[in-house]
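Colleague: My questions all concern the structure below.
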Amino acid sequence: MRDPNAAFVFGGLSPKNAAQAMVMVHGRGGSARDILGLSGYLERKDLALLAPQAKGNSWYPYSFLAPRNNNEPGLSAGLELLQEACLYLNEQGIADDHIFFLGFSQGACLTCDFLASRAHRYAGAFLLSGGLIGDHIAEERYKGDFAGTPVYFGITDRDPHVPLDRVEESASRYRQMGAAVKLEVYPGRPHSIYPEEIAEINAMLGTAG
């Protein structure tokens, strides 16, 4: 595993002093520090926060709807980095069922794909404007049982980058794999993060032990 201080940007509590953590995954053109800025809107202040940084501020070069091979090697490198984030937090004493994930746009797509390929119990996931990756949903890639993991999908019906039907298909696949899914569609909104989504995140975090 690479040096955590080189691969991740940290916020919140030190993992050694936190019972739960959140992995925060930035979108195309964003950065780890950008996505960590959302922590100012989180009502819980007792989380360890960890944000991976994509090389060149992009996890993969093309649309998430392109054939998977077109987005290699970036796609596999990004998925591997999320696995390293989990392993690092595990080493610090935080098990997967105490880890939340939050991703926006390209970061939400990467996170959605990562979790579905390793489905088991996590603390929860917030997938904002993102869905499963590829020119089709290859169901054979997605195995395991989320065991009731709460997962929130938020999307506008007019997103120019993330079609609503792919998000709906992704949410359906998550339900089939045992996640407790909530999908919210915000009509007429731009490609962004909305106050209502922040409220949903805070509500879920507030009910997590």
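Residues in the structure tokens are named by chain (A, B, ... in the order shown) and by number from 1 within that chain; ligands are numbered from 1 in the order shown.
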Residues at most 9 Å from stretch 62-77 of chain A, counting only C-alpha atoms, excluding those fewer than 3 positions away in the same chain, as a CSV table (one decimal) with C-alpha atoms, in the first residue's frame?

Modeller:
```csv
chain,number,residue,atom,x,y,z
A,54,ALA,CA,-7.1,11.4,-8.5
A,55,LYS,CA,-4.1,11.8,-10.7
A,58,SER,CA,-9.8,12.9,-13.0
A,59,TRP,CA,-10.4,9.3,-12.2
A,80,GLU,CA,-7.6,0.2,-6.2
A,81,LEU,CA,-7.1,3.5,-4.4
A,82,LEU,CA,-10.6,3.2,-2.8
A,106,GLN,CA,-17.4,11.0,-11.4
A,109,CYS,CA,-19.7,6.7,-10.2
A,110,LEU,CA,-16.4,5.3,-9.0
A,130,GLY,CA,-23.6,8.9,-10.1
A,131,GLY,CA,-24.3,5.3,-11.1
A,132,LEU,CA,-22.6,2.0,-12.1
A,133,ILE,CA,-19.9,2.3,-14.7
A,134,GLY,CA,-19.8,1.0,-18.3
A,135,ASP,CA,-21.7,1.0,-21.6
A,136,HIS,CA,-24.1,-1.5,-19.9
A,161,HIS,CA,-23.5,13.8,-17.6
A,162,VAL,CA,-25.5,11.2,-15.6
A,166,ARG,CA,-28.7,4.7,-15.3
```

Colleague: Which polymer residues have any atom within 9 Å of an atom of A:Ala48, counting only C-alpha atoms, with same-chain residues fewer than 6 positions away left out, as an MDAnalysis selection string?

Modeller: chainID A and resid 10:23

Colleague: Could those selected residues go to a file with C-alpha atoms, as an mmCIF file, in the first residue's frame?

Modeller:
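Below you can see out.cif, which holds the result:
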```cif
data_model
loop_
_atom_site.group_PDB
_atom_site.id
_atom_site.type_symbol
_atom_site.label_atom_id
_atom_site.label_comp_id
_atom_site.auth_asym_id
_atom_site.auth_seq_id
_atom_site.Cartn_x
_atom_site.Cartn_y
_atom_site.Cartn_z
ATOM 1 C CA PHE A 10 -7.365 13.885 5.833
ATOM 2 C CA GLY A 11 -9.923 15.847 7.810
ATOM 3 C CA GLY A 12 -12.005 15.501 10.938
ATOM 4 C CA LEU A 13 -10.702 13.318 13.728
ATOM 5 C CA SER A 14 -7.646 11.132 13.496
ATOM 6 C CA PRO A 15 -8.756 7.587 12.571
ATOM 7 C CA LYS A 16 -7.193 6.359 15.806
ATOM 8 C CA ASN A 17 -9.543 8.631 17.766
ATOM 9 C CA ALA A 18 -12.727 8.015 15.753
ATOM 10 C CA ALA A 19 -15.278 5.225 15.921
ATOM 11 C CA GLN A 20 -16.474 5.881 12.367
ATOM 12 C CA ALA A 21 -15.019 7.312 9.165
ATOM 13 C CA MET A 22 -16.117 8.696 5.824
ATOM 14 C CA VAL A 23 -14.301 8.250 2.511
#
```

Colleague: Could you pull the residues within 10 Å of stretch 90-104 of chain A, counting only C-alpha atoms, minus those fewer than 6 positions along the same chain, as a PDB file with N, CA and C atoms, in the first residue's frame?

Modeller:
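Output (out-v5.pdb):
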```pdb
ATOM      1  N   SER A  14      -8.599  12.171  13.877  1.00  0.00           N
ATOM      2  CA  SER A  14      -7.646  11.132  13.496  1.00  0.00           C
ATOM      3  C   SER A  14      -8.365   9.791  13.521  1.00  0.00           C
ATOM      4  N   PRO A  15      -8.100   8.904  12.547  1.00  0.00           N
ATOM      5  CA  PRO A  15      -8.756   7.587  12.571  1.00  0.00           C
ATOM      6  C   PRO A  15      -8.560   6.846  13.888  1.00  0.00           C
ATOM      7  N   LYS A  16      -7.446   7.058  14.553  1.00  0.00           N
ATOM      8  CA  LYS A  16      -7.193   6.359  15.806  1.00  0.00           C
ATOM      9  C   LYS A  16      -8.088   6.864  16.932  1.00  0.00           C
ATOM     10  N   ASN A  17      -8.683   8.049  16.739  1.00  0.00           N
ATOM     11  CA  ASN A  17      -9.543   8.631  17.766  1.00  0.00           C
ATOM     12  C   ASN A  17     -11.017   8.634  17.373  1.00  0.00           C
ATOM     13  N   ALA A  18     -11.353   7.987  16.266  1.00  0.00           N
ATOM     14  CA  ALA A  18     -12.727   8.015  15.753  1.00  0.00           C
ATOM     15  C   ALA A  18     -13.303   6.606  15.720  1.00  0.00           C
ATOM     16  N   ALA A  19     -14.593   6.513  16.003  1.00  0.00           N
ATOM     17  CA  ALA A  19     -15.278   5.225  15.921  1.00  0.00           C
ATOM     18  C   ALA A  19     -15.770   4.948  14.507  1.00  0.00           C
ATOM     19  N   GLN A  20     -15.978   6.023  13.732  1.00  0.00           N
ATOM     20  CA  GLN A  20     -16.474   5.881  12.367  1.00  0.00           C
ATOM     21  C   GLN A  20     -15.708   6.826  11.454  1.00  0.00           C
ATOM     22  N   ALA A  21     -15.751   6.518  10.155  1.00  0.00           N
ATOM     23  CA  ALA A  21     -15.019   7.312   9.165  1.00  0.00           C
ATOM     24  C   ALA A  21     -15.877   7.515   7.933  1.00  0.00           C
ATOM     25  N   MET A  22     -15.482   8.484   7.121  1.00  0.00           N
ATOM     26  CA  MET A  22     -16.117   8.696   5.824  1.00  0.00           C
ATOM     27  C   MET A  22     -15.038   8.868   4.763  1.00  0.00           C
ATOM     28  N   VAL A  23     -15.159   8.090   3.685  1.00  0.00           N
ATOM     29  CA  VAL A  23     -14.301   8.250   2.511  1.00  0.00           C
ATOM     30  C   VAL A  23     -15.056   9.145   1.536  1.00  0.00           C
ATOM     31  N   MET A  24     -14.443  10.266   1.158  1.00  0.00           N
ATOM     32  CA  MET A  24     -15.090  11.281   0.331  1.00  0.00           C
ATOM     33  C   MET A  24     -14.368  11.351  -1.013  1.00  0.00           C
ATOM     34  N   VAL A  25     -15.111  11.174  -2.106  1.00  0.00           N
ATOM     35  CA  VAL A  25     -14.495  10.977  -3.427  1.00  0.00           C
ATOM     36  C   VAL A  25     -14.927  12.102  -4.369  1.00  0.00           C
ATOM     37  N   HIS A  26     -13.965  12.870  -4.816  1.00  0.00           N
ATOM     38  CA  HIS A  26     -14.243  14.060  -5.629  1.00  0.00           C
ATOM     39  C   HIS A  26     -14.610  13.706  -7.063  1.00  0.00           C
ATOM     40  N   GLY A  27     -15.187  14.680  -7.753  1.00  0.00           N
ATOM     41  CA  GLY A  27     -15.575  14.517  -9.145  1.00  0.00           C
ATOM     42  C   GLY A  27     -14.497  14.954 -10.112  1.00  0.00           C
ATOM     43  N   ARG A  28     -14.797  14.810 -11.403  1.00  0.00           N
ATOM     44  CA  ARG A  28     -13.858  15.203 -12.455  1.00  0.00           C
ATOM     45  C   ARG A  28     -13.553  16.699 -12.341  1.00  0.00           C
ATOM     46  N   GLY A  30     -12.298  18.165  -9.893  1.00  0.00           N
ATOM     47  CA  GLY A  30     -12.243  18.563  -8.492  1.00  0.00           C
ATOM     48  C   GLY A  30     -10.976  18.030  -7.836  1.00  0.00           C
ATOM     49  N   ILE A  35     -13.667  18.229  -2.048  1.00  0.00           N
ATOM     50  CA  ILE A  35     -14.739  17.399  -1.493  1.00  0.00           C
ATOM     51  C   ILE A  35     -14.703  17.428   0.028  1.00  0.00           C
ATOM     52  N   LEU A  38     -16.972  19.853   1.960  1.00  0.00           N
ATOM     53  CA  LEU A  38     -18.339  19.541   2.353  1.00  0.00           C
ATOM     54  C   LEU A  38     -18.456  19.244   3.840  1.00  0.00           C
ATOM     55  N   LEU A  47     -16.299  12.225  13.044  1.00  0.00           N
ATOM     56  CA  LEU A  47     -15.864  11.281  12.018  1.00  0.00           C
ATOM     57  C   LEU A  47     -14.414  11.534  11.612  1.00  0.00           C
ATOM     58  N   ALA A  48     -13.708  10.474  11.294  1.00  0.00           N
ATOM     59  CA  ALA A  48     -12.444  10.608  10.570  1.00  0.00           C
ATOM     60  C   ALA A  48     -12.793  10.735   9.088  1.00  0.00           C
ATOM     61  N   LEU A  49     -12.224  11.711   8.414  1.00  0.00           N
ATOM     62  CA  LEU A  49     -12.508  11.961   7.000  1.00  0.00           C
ATOM     63  C   LEU A  49     -11.254  11.689   6.178  1.00  0.00           C
ATOM     64  N   LEU A  50     -11.453  10.995   5.072  1.00  0.00           N
ATOM     65  CA  LEU A  50     -10.336  10.637   4.198  1.00  0.00           C
ATOM     66  C   LEU A  50     -10.785  10.842   2.760  1.00  0.00           C
ATOM     67  N   ALA A  51     -10.014  11.601   1.994  1.00  0.00           N
ATOM     68  CA  ALA A  51     -10.364  11.884   0.600  1.00  0.00           C
ATOM     69  C   ALA A  51      -9.213  11.474  -0.314  1.00  0.00           C
ATOM     70  N   LEU A  82      -9.494   3.276  -3.753  1.00  0.00           N
ATOM     71  CA  LEU A  82     -10.580   3.176  -2.775  1.00  0.00           C
ATOM     72  C   LEU A  82     -10.398   1.942  -1.888  1.00  0.00           C
ATOM     73  N   GLU A  84      -7.526   0.716  -1.062  1.00  0.00           N
ATOM     74  CA  GLU A  84      -6.454   1.084  -0.144  1.00  0.00           C
ATOM     75  C   GLU A  84      -6.981   1.971   0.979  1.00  0.00           C
ATOM     76  N   LEU A 110     -17.440   6.191  -9.446  1.00  0.00           N
ATOM     77  CA  LEU A 110     -16.354   5.320  -9.000  1.00  0.00           C
ATOM     78  C   LEU A 110     -16.742   4.612  -7.703  1.00  0.00           C
ATOM     79  N   THR A 111     -17.316   5.343  -6.764  1.00  0.00           N
ATOM     80  CA  THR A 111     -17.708   4.773  -5.483  1.00  0.00           C
ATOM     81  C   THR A 111     -18.817   3.746  -5.657  1.00  0.00           C
ATOM     82  N   CYS A 112     -19.802   4.070  -6.488  1.00  0.00           N
ATOM     83  CA  CYS A 112     -20.912   3.154  -6.754  1.00  0.00           C
ATOM     84  C   CYS A 112     -20.389   1.831  -7.302  1.00  0.00           C
ATOM     85  N   LEU A 115     -18.232  -0.163  -4.482  1.00  0.00           N
ATOM     86  CA  LEU A 115     -19.005  -0.825  -3.435  1.00  0.00           C
ATOM     87  C   LEU A 115     -19.767  -2.030  -3.979  1.00  0.00           C
ATOM     88  N   HIS A 120     -20.802  -5.814   0.939  1.00  0.00           N
ATOM     89  CA  HIS A 120     -21.042  -6.363   2.263  1.00  0.00           C
ATOM     90  C   HIS A 120     -21.528  -5.203   3.128  1.00  0.00           C
ATOM     91  N   ARG A 121     -21.559  -5.336   4.403  1.00  0.00           N
ATOM     92  CA  ARG A 121     -22.116  -4.287   5.246  1.00  0.00           C
ATOM     93  C   ARG A 121     -21.117  -3.141   5.415  1.00  0.00           C
ATOM     94  N   TYR A 122     -21.555  -1.955   5.022  1.00  0.00           N
ATOM     95  CA  TYR A 122     -20.832  -0.715   5.282  1.00  0.00           C
ATOM     96  C   TYR A 122     -21.726   0.157   6.172  1.00  0.00           C
ATOM     97  N   ALA A 123     -21.174   1.244   6.691  1.00  0.00           N
ATOM     98  CA  ALA A 123     -21.992   2.137   7.515  1.00  0.00           C
ATOM     99  C   ALA A 123     -23.056   2.839   6.674  1.00  0.00           C
ATOM    100  N   GLY A 124     -22.731   3.170   5.417  1.00  0.00           N
ATOM    101  CA  GLY A 124     -23.676   3.833   4.531  1.00  0.00           C
ATOM    102  C   GLY A 124     -22.952   4.469   3.367  1.00  0.00           C
ATOM    103  N   ALA A 125     -23.722   4.871   2.352  1.00  0.00           N
ATOM    104  CA  ALA A 125     -23.132   5.496   1.168  1.00  0.00           C
ATOM    105  C   ALA A 125     -24.060   6.582   0.646  1.00  0.00           C
ATOM    106  N   PHE A 126     -23.448   7.670   0.196  1.00  0.00           N
ATOM    107  CA  PHE A 126     -24.159   8.807  -0.388  1.00  0.00           C
ATOM    108  C   PHE A 126     -23.614   9.004  -1.796  1.00  0.00           C
ATOM    109  N   LEU A 127     -24.416   8.659  -2.794  1.00  0.00           N
ATOM    110  CA  LEU A 127     -23.987   8.683  -4.186  1.00  0.00           C
ATOM    111  C   LEU A 127     -24.733   9.805  -4.892  1.00  0.00           C
ATOM    112  N   LEU A 128     -24.046  10.920  -5.068  1.00  0.00           N
ATOM    113  CA  LEU A 128     -24.649  12.142  -5.582  1.00  0.00           C
ATOM    114  C   LEU A 128     -24.305  12.301  -7.049  1.00  0.00           C
ATOM    115  N   SER A 129     -25.293  12.125  -7.920  1.00  0.00           N
ATOM    116  CA  SER A 129     -25.112  12.252  -9.374  1.00  0.00           C
ATOM    117  C   SER A 129     -24.130  11.206  -9.891  1.00  0.00           C
ATOM    118  N   GLY A 130     -24.434   9.944  -9.640  1.00  0.00           N
ATOM    119  CA  GLY A 130     -23.561   8.883 -10.115  1.00  0.00           C
ATOM    120  C   GLY A 130     -24.266   7.548 -10.165  1.00  0.00           C
ATOM    121  N   THR A 149     -27.151  -2.233   4.221  1.00  0.00           N
ATOM    122  CA  THR A 149     -26.412  -0.961   4.186  1.00  0.00           C
ATOM    123  C   THR A 149     -27.306   0.144   3.621  1.00  0.00           C
ATOM    124  N   PRO A 150     -27.466   1.269   4.339  1.00  0.00           N
ATOM    125  CA  PRO A 150     -28.257   2.370   3.794  1.00  0.00           C
ATOM    126  C   PRO A 150     -27.500   3.099   2.694  1.00  0.00           C
ATOM    127  N   VAL A 151     -28.157   3.274   1.552  1.00  0.00           N
ATOM    128  CA  VAL A 151     -27.526   3.918   0.397  1.00  0.00           C
ATOM    129  C   VAL A 151     -28.481   4.961  -0.160  1.00  0.00           C
ATOM    130  N   TYR A 152     -27.974   6.170  -0.315  1.00  0.00           N
ATOM    131  CA  TYR A 152     -28.768   7.286  -0.833  1.00  0.00           C
ATOM    132  C   TYR A 152     -28.251   7.671  -2.215  1.00  0.00           C
ATOM    133  N   GLY A 154     -28.867  10.536  -5.085  1.00  0.00           N
ATOM    134  CA  GLY A 154     -29.493  11.815  -5.403  1.00  0.00           C
ATOM    135  C   GLY A 154     -29.136  12.223  -6.819  1.00  0.00           C
ATOM    136  N   HIS A 191     -26.394  20.155 -12.546  1.00  0.00           N
ATOM    137  CA  HIS A 191     -25.447  19.132 -12.068  1.00  0.00           C
ATOM    138  C   HIS A 191     -24.691  19.715 -10.884  1.00  0.00           C
ATOM    139  N   SER A 192     -25.140  19.390  -9.692  1.00  0.00           N
ATOM    140  CA  SER A 192     -24.569  20.020  -8.502  1.00  0.00           C
ATOM    141  C   SER A 192     -24.955  19.205  -7.274  1.00  0.00           C
ATOM    142  N   ILE A 193     -24.556  19.690  -6.118  1.00  0.00           N
ATOM    143  CA  ILE A 193     -24.981  19.128  -4.832  1.00  0.00           C
ATOM    144  C   ILE A 193     -25.993  20.091  -4.230  1.00  0.00           C
ATOM    145  N   ILE A 201     -28.035  13.537   3.977  1.00  0.00           N
ATOM    146  CA  ILE A 201     -26.788  13.003   4.533  1.00  0.00           C
ATOM    147  C   ILE A 201     -26.758  13.186   6.044  1.00  0.00           C
ATOM    148  N   LEU A 205     -26.592  10.253   8.868  1.00  0.00           N
ATOM    149  CA  LEU A 205     -25.484  10.234   9.825  1.00  0.00           C
ATOM    150  C   LEU A 205     -26.011  10.333  11.247  1.00  0.00           C
ATOM    151  N   ALA A 208     -27.008   6.945  12.663  1.00  0.00           N
ATOM    152  CA  ALA A 208     -25.980   5.901  12.709  1.00  0.00           C
ATOM    153  C   ALA A 208     -25.294   5.926  14.067  1.00  0.00           C
ATOM    154  N   GLY A 209     -25.166   4.776  14.647  1.00  0.00           N
ATOM    155  CA  GLY A 209     -24.519   4.685  15.960  1.00  0.00           C
ATOM    156  C   GLY A 209     -23.015   4.785  15.864  1.00  0.00           C
TER     157      GLY A 209
END
```

Colleague: For each of A:Ser31, A:Thr156, A:Ser172, A:Gln53, take the minimum atom-to-atom distance to A:Ala6, counting only C-alpha atoms, then give the residue where this is smallest.

Modeller: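 Counting only C-alpha atoms, the residue closest to A:Ala6 is A:Gln53.
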
Colleague: How many Å lie between atom CA of A:Leu87 and atom CA of A:Lys182, rounded to one decimal?

Modeller: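 One can read the atom CA of A:Leu87 to atom CA of A:Lys182 distance as 27.2 Å.
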
Colleague: Taking the DSSP secondary structure from the backbone, can you list the residues of stretch 20-64 of chain A that are strand (DSSP E or B), as an MDAnalysis selection string?

Modeller: chainID A and resid 20:25 47:52

Colleague: May I have the residues from that selection written out with N, CA and C atoms, as a short mmCIF file (atom, residue, chain, number, x, y, z; two decimals), in the first residue's frame?

Modeller:
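Output file selection_27.cif follows:
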```cif
data_model
loop_
_atom_site.label_atom_id
_atom_site.label_comp_id
_atom_site.auth_asym_id
_atom_site.auth_seq_id
_atom_site.Cartn_x
_atom_site.Cartn_y
_atom_site.Cartn_z
N GLN A 20 -15.98 6.02 13.73
CA GLN A 20 -16.47 5.88 12.37
C GLN A 20 -15.71 6.83 11.45
N ALA A 21 -15.75 6.52 10.15
CA ALA A 21 -15.02 7.31 9.16
C ALA A 21 -15.88 7.52 7.93
N MET A 22 -15.48 8.48 7.12
CA MET A 22 -16.12 8.70 5.82
C MET A 22 -15.04 8.87 4.76
N VAL A 23 -15.16 8.09 3.69
CA VAL A 23 -14.30 8.25 2.51
C VAL A 23 -15.06 9.15 1.54
N MET A 24 -14.44 10.27 1.16
CA MET A 24 -15.09 11.28 0.33
C MET A 24 -14.37 11.35 -1.01
N VAL A 25 -15.11 11.17 -2.11
CA VAL A 25 -14.49 10.98 -3.43
C VAL A 25 -14.93 12.10 -4.37
N LEU A 47 -16.30 12.22 13.04
CA LEU A 47 -15.86 11.28 12.02
C LEU A 47 -14.41 11.53 11.61
N ALA A 48 -13.71 10.47 11.29
CA ALA A 48 -12.44 10.61 10.57
C ALA A 48 -12.79 10.73 9.09
N LEU A 49 -12.22 11.71 8.41
CA LEU A 49 -12.51 11.96 7.00
C LEU A 49 -11.25 11.69 6.18
N LEU A 50 -11.45 11.00 5.07
CA LEU A 50 -10.34 10.64 4.20
C LEU A 50 -10.79 10.84 2.76
N ALA A 51 -10.01 11.60 1.99
CA ALA A 51 -10.36 11.88 0.60
C ALA A 51 -9.21 11.47 -0.31
N PRO A 52 -9.41 10.47 -1.16
CA PRO A 52 -8.39 10.11 -2.15
C PRO A 52 -8.26 11.20 -3.21
#
```

Colleague: Leaving out A:Asp145 and any residue of its chain fewer than 3 positions from it, which residues lie within 10 Å of it when counting only C-alpha atoms, given as number ranges by chain?

Modeller: A: 116, 118-121, 142, 148-149, 174-179

Colleague: Using only C-alpha atoms, which residue out of A:Tyr88, A:Glu184, A:Asn57, A:Asp157 lies closest to A:Glu196?

Modeller: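 Of all the options, A:Glu184 lies closest to A:Glu196.
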